[in-house]
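File shown: input_26.pdb (PDB, C-alpha atoms and all ligand atoms).
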```pdb
ATOM      1  CA  MET P   1      36.750  62.312  69.249  1.00  0.00           C
ATOM      2  CA  ILE P   2      34.172  65.073  69.729  1.00  0.00           C
ATOM      3  CA  LEU P   3      34.573  64.780  73.474  1.00  0.00           C
ATOM      4  CA  PHE P   4      38.339  65.096  73.088  1.00  0.00           C
ATOM      5  CA  ILE P   5      37.960  68.281  71.019  1.00  0.00           C
ATOM      6  CA  LEU P   6      35.526  69.708  73.550  1.00  0.00           C
ATOM      7  CA  ILE P   7      37.957  69.013  76.390  1.00  0.00           C
ATOM      8  CA  LEU P   8      40.788  70.576  74.376  1.00  0.00           C
ATOM      9  CA  LEU P   9      38.694  73.672  73.622  1.00  0.00           C
ATOM     10  CA  SER P  10      37.504  74.130  77.171  1.00  0.00           C
ATOM     11  CA  SER P  11      40.991  73.741  78.629  1.00  0.00           C
ATOM     12  CA  THR P  12      42.319  76.269  76.090  1.00  0.00           C
ATOM     13  CA  GLN P  13      39.609  78.757  76.958  1.00  0.00           C
ATOM     14  CA  LEU P  14      40.190  78.402  80.658  1.00  0.00           C
ATOM     15  CA  GLY P  15      43.930  78.764  80.222  1.00  0.00           C
ATOM     16  CA  ILE P  16      44.609  75.490  81.993  1.00  0.00           C
ATOM     17  CA  CYS P  17      47.698  73.467  81.316  1.00  0.00           C
ATOM     18  CA  VAL P  18      46.718  70.021  82.447  1.00  0.00           C
ATOM     19  CA  ASN P  19      49.856  68.510  80.976  1.00  0.00           C
ATOM     20  CA  PRO P  20      52.201  70.909  79.235  1.00  0.00           C
ATOM     21  CA  TYR P  21      54.861  68.273  78.423  1.00  0.00           C
ATOM     22  CA  VAL P  22      55.650  66.199  75.356  1.00  0.00           C
ATOM     23  CA  ILE P  23      58.469  63.665  75.000  1.00  0.00           C
ATOM     24  CA  PRO P  24      59.023  62.916  71.298  1.00  0.00           C
ATOM     25  CA  ASN P  25      59.997  59.332  70.594  1.00  0.00           C
ATOM     26  CA  ILE P  26      63.496  60.164  69.319  1.00  0.00           C
ATOM     27  CA  ARG P  27      66.911  60.633  70.875  1.00  0.00           C
ATOM     28  CA  VAL P  28      68.830  63.622  69.556  1.00  0.00           C
ATOM     29  CA  ASN P  29      71.557  66.066  70.624  1.00  0.00           C
ATOM     30  CA  TRP P  30      70.588  69.102  72.698  1.00  0.00           C
ATOM     31  CA  HIS P  31      70.596  71.505  69.729  1.00  0.00           C
ATOM     32  CA  LYS P  32      68.325  69.258  67.686  1.00  0.00           C
ATOM     33  CA  ALA P  33      66.051  68.882  70.695  1.00  0.00           C
ATOM     34  CA  HIS P  34      65.759  72.670  70.970  1.00  0.00           C
ATOM     35  CA  GLU P  35      65.070  72.905  67.229  1.00  0.00           C
ATOM     36  CA  PHE P  36      62.475  70.131  67.334  1.00  0.00           C
ATOM     37  CA  CYS P  37      60.508  71.756  70.174  1.00  0.00           C
ATOM     38  CA  LYS P  38      60.605  75.175  68.460  1.00  0.00           C
ATOM     39  CA  TYR P  39      59.513  73.739  65.118  1.00  0.00           C
ATOM     40  CA  ASN P  40      56.471  72.285  66.850  1.00  0.00           C
ATOM     41  CA  GLY P  41      55.555  75.528  68.614  1.00  0.00           C
ATOM     42  CA  MET P  42      57.001  74.471  71.970  1.00  0.00           C
ATOM     43  CA  GLU P  43      60.124  75.113  74.052  1.00  0.00           C
ATOM     44  CA  LEU P  44      62.669  72.783  75.579  1.00  0.00           C
ATOM     45  CA  ALA P  45      61.331  72.568  79.130  1.00  0.00           C
ATOM     46  CA  SER P  46      62.223  75.083  81.838  1.00  0.00           C
ATOM     47  CA  VAL P  47      62.206  73.833  85.426  1.00  0.00           C
ATOM     48  CA  THR P  48      61.994  76.822  87.715  1.00  0.00           C
ATOM     49  CA  ASP P  49      60.768  75.390  91.014  1.00  0.00           C
ATOM     50  CA  TRP P  50      60.439  72.150  92.938  1.00  0.00           C
ATOM     51  CA  ALA P  51      56.762  71.635  92.056  1.00  0.00           C
ATOM     52  CA  THR P  52      57.574  71.907  88.350  1.00  0.00           C
ATOM     53  CA  HIS P  53      60.543  69.586  88.782  1.00  0.00           C
ATOM     54  CA  LYS P  54      58.355  67.007  90.477  1.00  0.00           C
ATOM     55  CA  LYS P  55      55.610  67.274  87.867  1.00  0.00           C
ATOM     56  CA  LEU P  56      58.089  66.957  84.996  1.00  0.00           C
ATOM     57  CA  THR P  57      60.027  64.030  86.436  1.00  0.00           C
ATOM     58  CA  GLU P  58      56.827  62.136  87.251  1.00  0.00           C
ATOM     59  CA  PHE P  59      55.767  62.592  83.636  1.00  0.00           C
ATOM     60  CA  VAL P  60      59.151  61.418  82.324  1.00  0.00           C
ATOM     61  CA  ALA P  61      59.082  58.351  84.586  1.00  0.00           C
ATOM     62  CA  GLN P  62      55.650  57.417  83.298  1.00  0.00           C
ATOM     63  CA  GLU P  63      56.261  58.158  79.601  1.00  0.00           C
ATOM     64  CA  LEU P  64      59.665  56.498  79.331  1.00  0.00           C
ATOM     65  CA  ASN P  65      58.768  53.730  81.757  1.00  0.00           C
ATOM     66  CA  CYS P  66      61.972  54.383  83.696  1.00  0.00           C
ATOM     67  CA  SER P  67      63.073  51.424  85.766  1.00  0.00           C
ATOM     68  CA  THR P  68      66.877  51.376  85.877  1.00  0.00           C
ATOM     69  CA  TRP P  69      68.076  54.428  83.968  1.00  0.00           C
ATOM     70  CA  CYS P  70      66.565  57.500  82.279  1.00  0.00           C
ATOM     71  CA  ALA P  71      68.023  60.741  80.980  1.00  0.00           C
ATOM     72  CA  VAL P  72      66.289  63.693  79.300  1.00  0.00           C
ATOM     73  CA  TRP P  73      67.556  67.017  77.993  1.00  0.00           C
ATOM     74  CA  ILE P  74      65.919  70.108  79.457  1.00  0.00           C
ATOM     75  CA  GLY P  75      66.310  73.742  78.380  1.00  0.00           C
ATOM     76  CA  ALA P  76      69.119  74.855  80.704  1.00  0.00           C
ATOM     77  CA  ASN P  77      72.571  75.491  79.237  1.00  0.00           C
ATOM     78  CA  ASP P  78      75.700  77.586  79.725  1.00  0.00           C
ATOM     79  CA  LEU P  79      76.651  77.739  76.033  1.00  0.00           C
ATOM     80  CA  GLY P  80      76.732  81.541  76.061  1.00  0.00           C
ATOM     81  CA  ASP P  81      78.769  82.025  79.216  1.00  0.00           C
ATOM     82  CA  GLU P  82      80.571  79.152  80.925  1.00  0.00           C
ATOM     83  CA  GLY P  83      79.225  78.531  84.419  1.00  0.00           C
ATOM     84  CA  SER P  84      76.226  80.832  83.991  1.00  0.00           C
ATOM     85  CA  PHE P  85      73.200  78.667  83.200  1.00  0.00           C
ATOM     86  CA  THR P  86      70.093  80.072  81.508  1.00  0.00           C
ATOM     87  CA  TRP P  87      66.827  78.638  80.148  1.00  0.00           C
ATOM     88  CA  VAL P  88      66.718  78.609  76.364  1.00  0.00           C
ATOM     89  CA  GLY P  89      62.922  78.999  76.319  1.00  0.00           C
ATOM     90  CA  THR P  90      62.797  82.216  78.337  1.00  0.00           C
ATOM     91  CA  GLY P  91      66.361  83.558  78.446  1.00  0.00           C
ATOM     92  CA  ARG P  92      66.107  83.660  82.220  1.00  0.00           C
ATOM     93  CA  ARG P  93      68.905  82.653  84.553  1.00  0.00           C
ATOM     94  CA  VAL P  94      68.673  79.301  86.304  1.00  0.00           C
ATOM     95  CA  VAL P  95      67.771  80.083  89.917  1.00  0.00           C
ATOM     96  CA  PHE P  96      66.126  76.893  91.196  1.00  0.00           C
ATOM     97  CA  ASP P  97      68.291  73.837  90.523  1.00  0.00           C
ATOM     98  CA  ASN P  98      68.644  70.214  91.514  1.00  0.00           C
ATOM     99  CA  TRP P  99      72.261  69.414  90.601  1.00  0.00           C
ATOM    100  CA  LYS P 100      73.798  66.063  91.400  1.00  0.00           C
ATOM    101  CA  PRO P 101      76.618  66.360  93.943  1.00  0.00           C
ATOM    102  CA  ASN P 102      79.778  67.650  92.191  1.00  0.00           C
ATOM    103  CA  GLN P 103      77.786  68.968  89.230  1.00  0.00           C
ATOM    104  CA  PRO P 104      77.899  70.989  87.055  1.00  0.00           C
ATOM    105  CA  SER P 105      81.362  69.628  86.249  1.00  0.00           C
ATOM    106  CA  ASN P 106      81.842  70.906  82.678  1.00  0.00           C
ATOM    107  CA  SER P 107      83.936  67.841  81.917  1.00  0.00           C
ATOM    108  CA  ASN P 108      83.557  64.468  80.297  1.00  0.00           C
ATOM    109  CA  GLY P 109      87.057  63.340  79.412  1.00  0.00           C
ATOM    110  CA  ASP P 110      88.324  65.918  76.947  1.00  0.00           C
ATOM    111  CA  GLN P 111      84.806  67.132  76.080  1.00  0.00           C
ATOM    112  CA  GLU P 112      83.135  70.157  77.623  1.00  0.00           C
ATOM    113  CA  GLU P 113      79.608  69.961  79.024  1.00  0.00           C
ATOM    114  CA  HIS P 114      77.190  72.842  78.491  1.00  0.00           C
ATOM    115  CA  CYS P 115      73.726  71.269  78.282  1.00  0.00           C
ATOM    116  CA  VAL P 116      71.607  70.098  81.189  1.00  0.00           C
ATOM    117  CA  GLU P 117      70.014  66.679  81.532  1.00  0.00           C
ATOM    118  CA  ILE P 118      67.894  65.214  84.298  1.00  0.00           C
ATOM    119  CA  LEU P 119      69.164  61.787  85.334  1.00  0.00           C
ATOM    120  CA  TYR P 120      67.446  58.869  86.987  1.00  0.00           C
ATOM    121  CA  HIS P 121      69.822  56.052  87.867  1.00  0.00           C
ATOM    122  CA  PRO P 122      69.004  54.666  91.313  1.00  0.00           C
ATOM    123  CA  ARG P 123      71.838  52.109  91.300  1.00  0.00           C
ATOM    124  CA  GLY P 124      74.277  54.943  90.744  1.00  0.00           C
ATOM    125  CA  GLY P 125      72.549  56.955  93.466  1.00  0.00           C
ATOM    126  CA  PHE P 126      70.977  59.437  91.058  1.00  0.00           C
ATOM    127  CA  ASN P 127      67.384  60.242  91.755  1.00  0.00           C
ATOM    128  CA  TRP P 128      66.229  62.693  89.101  1.00  0.00           C
ATOM    129  CA  GLN P 129      69.113  65.072  89.650  1.00  0.00           C
ATOM    130  CA  TRP P 130      70.680  67.423  87.135  1.00  0.00           C
ATOM    131  CA  ASN P 131      73.941  67.049  85.286  1.00  0.00           C
ATOM    132  CA  ASP P 132      75.641  69.193  82.681  1.00  0.00           C
ATOM    133  CA  GLY P 133      76.264  66.827  79.769  1.00  0.00           C
ATOM    134  CA  VAL P 134      77.986  66.916  76.382  1.00  0.00           C
ATOM    135  CA  CYS P 135      75.537  68.788  74.118  1.00  0.00           C
ATOM    136  CA  LYS P 136      76.136  66.558  71.095  1.00  0.00           C
ATOM    137  CA  HIS P 137      75.171  63.378  72.952  1.00  0.00           C
ATOM    138  CA  GLU P 138      71.799  61.973  71.907  1.00  0.00           C
ATOM    139  CA  LYS P 139      69.061  61.698  74.532  1.00  0.00           C
ATOM    140  CA  TYR P 140      65.310  61.911  74.885  1.00  0.00           C
ATOM    141  CA  PHE P 141      64.097  65.427  75.696  1.00  0.00           C
ATOM    142  CA  VAL P 142      61.096  67.242  77.093  1.00  0.00           C
ATOM    143  CA  CYS P 143      59.230  69.894  75.105  1.00  0.00           C
ATOM    144  CA  GLU P 144      56.871  72.215  76.916  1.00  0.00           C
ATOM    145  CA  LYS P 145      53.726  73.783  75.513  1.00  0.00           C
ATOM    146  CA  VAL P 146      53.957  77.394  76.531  1.00  0.00           C
ATOM    147  CA  TYR P 147      50.645  78.788  75.312  1.00  0.00           C
ATOM    148  CA  ASN P 148      48.336  79.366  78.281  1.00  0.00           C
ATOM    149  CA  CYS P 149      51.098  78.322  80.644  1.00  0.00           C
ATOM    150  CA  GLU P 150      54.144  80.018  82.154  1.00  0.00           C
ATOM    151  CA  ILE P 151      54.940  82.526  79.389  1.00  0.00           C
ATOM    152  CA  GLN P 152      51.512  84.178  79.509  1.00  0.00           C
ATOM    153  CA  GLU P 153      51.785  84.888  83.207  1.00  0.00           C
ATOM    154  CA  PHE P 154      54.818  87.152  82.818  1.00  0.00           C
TER     155      PHE P 154
HETATM  156 CA    CA O 201      78.675  67.006  84.219  1.00  0.00          CA
END
```

Represent the structure from my file as structure tokens, please.
Amino acid sequence: MILFILILLSSTQLGICVNPYVIPNIRVNWHKAHEFCKYNGMELASVTDWATHKKLTEFVAQELNCSTWCAVWIGANDLGDEGSFTWVGTGRRVVFDNWKPNQPSNSNGDQEEHCVEILYHPRGGFNWQWNDGVCKHEKYFVCEKVYNCEIQEF
């Protein structure tokens, strides 16, 4: 326990984010996911480059023990302006992306899609690619601790 606290303190002081991600053990809609992260002092994860994408998806694969199918909400959405995706945690536009072919589609039957998930479904040919999904659908999600990490660098 003492060792754990010492490690936590030293990593805080050095400004290191060894693992900035948390996946709560609940499946909720995108709005609730955003709320949950905020309430706990975090943000729904932003994925702004390939290295971050790789780090995040490796963490998801490990945490959720993904073998056949996994889906997690991340912070990107086009709720404010259809077709223009931004990160809810920073307000910045989505520049780096990893969309599945033919995505974002903004359609799921008669329902619009404005919230971004990362999908792993090898049988369907989806290898951690992005999809815009129906925001009210319930999925696991990734919160990101932003202290000492990305936000402070700006
Ligand atoms: Ca879609």

Under the rule that only C-alpha atoms and all ligand atoms are counted, which of P:Asn77, P:Asn106, P:Asn127, P:Ser84 is the nearest residue to ligand CA 201 (chain O)?
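Closest residue, counting only C-alpha atoms and all ligand atoms: P:Asn106.
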
Protein and nucleic acid residues within 8 Å of ligand CA 201 (chain O) (only C-alpha atoms and all ligand atoms) as an MDAnalysis selection string:
chainID P and resid 103:108 113 131:134

Care to translate the PyMOL selection byres (((chain P and resi 23) around 10) and not hetatm) into actual residues of this file, as a PyMOL selection string?
chain P and resi 21-22+24-27+37+59-60+63-64+72+140-144

Any idea what's packed within 10 Å of His53 of chain P, counting all atoms listed in the file, ignoring anything in its chain fewer than 4 positions away? Could you give it as a short mmCIF file (atom, residue, chain, number, x, y, z; two decimals) with C-alpha atoms, keeping the file's coordinate frame?
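Once written, part_26.cif looks like this:
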```cif
data_model
loop_
_atom_site.label_atom_id
_atom_site.label_comp_id
_atom_site.auth_asym_id
_atom_site.auth_seq_id
_atom_site.Cartn_x
_atom_site.Cartn_y
_atom_site.Cartn_z
CA SER P 46 62.22 75.08 81.84
CA VAL P 47 62.21 73.83 85.43
CA THR P 48 61.99 76.82 87.72
CA ASP P 49 60.77 75.39 91.01
CA THR P 57 60.03 64.03 86.44
CA GLU P 58 56.83 62.14 87.25
CA PHE P 59 55.77 62.59 83.64
CA PHE P 96 66.13 76.89 91.20
CA ASP P 97 68.29 73.84 90.52
CA ASN P 98 68.64 70.21 91.51
CA ILE P 118 67.89 65.21 84.30
CA TRP P 128 66.23 62.69 89.10
CA GLN P 129 69.11 65.07 89.65
#
```

Between atom CA of Gly91 of chain P and atom CA of Cys115 of chain P, what is the spacing in Å?
14.3 Å

Given only C-alpha atoms as the counted atoms, nearest of P:Leu56, P:Ala71, P:Val28, P:Ala45 to Val88 of chain P
P:Ala45

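Rounded to one decimal, atom CA of Lys32 of chain P and atom CA of Lys100 of chain P lie 24.5 Å from each other.
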
One decimal, Å: what's the distance from atom CA of Glu82 of chain P over to atom CA of Val116 of chain P, could you say?
12.7 Å

Applying 12 Å and all atoms listed in the file, which residues near Gly124 of chain P remain after dropping the ones on its own chain fewer than 6 positions away? List them as a ChimeraX atom specification.
/P:68-70,100

Taking (73.6, 71.1, 68.2) in the file's own coordinates, collect the residues within 12 Å, counting all atoms listed in the file, and hand them back as a PyMOL selection string.
chain P and resi 28-36+77+79+114-115+134-138

Could you list the residues chosen by the PyMOL selection byres (((chain P and resi 145) around 6) and not hetatm) in this structure as a list in words?
Pro20, Met42, Glu144, Val146 and Tyr147 of chain P

Using the file's own x, y and z axes, what box holds all listed atoms of segment 90-95 of chain P with 3 Å on each side, keeping edges along x, y and z, and what are its centre and edge lengths in Å to one decimal, as AutoDock Vina command-line options?
```
--center_x 65.9 --center_y 81.5 --center_z 84.1 --size_x 12.1 --size_y 10.4 --size_z 17.6
```

Nearest to Asn19 of chain P: which of P:Tyr39, P:Gly83, P:Pro122, P:Lys55 is it, counting all atoms listed in the file?
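The shortest atom-to-atom distance to Asn19 of chain P comes from P:Lys55.
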
Between P:Tyr120, P:Val95, P:Thr90, P:Lys139, single out the one closest to Trp50 of chain P, counting only C-alpha atoms.
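Of all the options, P:Val95 lies closest to Trp50 of chain P.
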
Nearest residue to Cys66 of chain P out of P:Pro101, P:Gly109, P:Lys54, P:His121, using all atoms listed in the file?
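Selected residue with least distance to Cys66 of chain P: P:His121.
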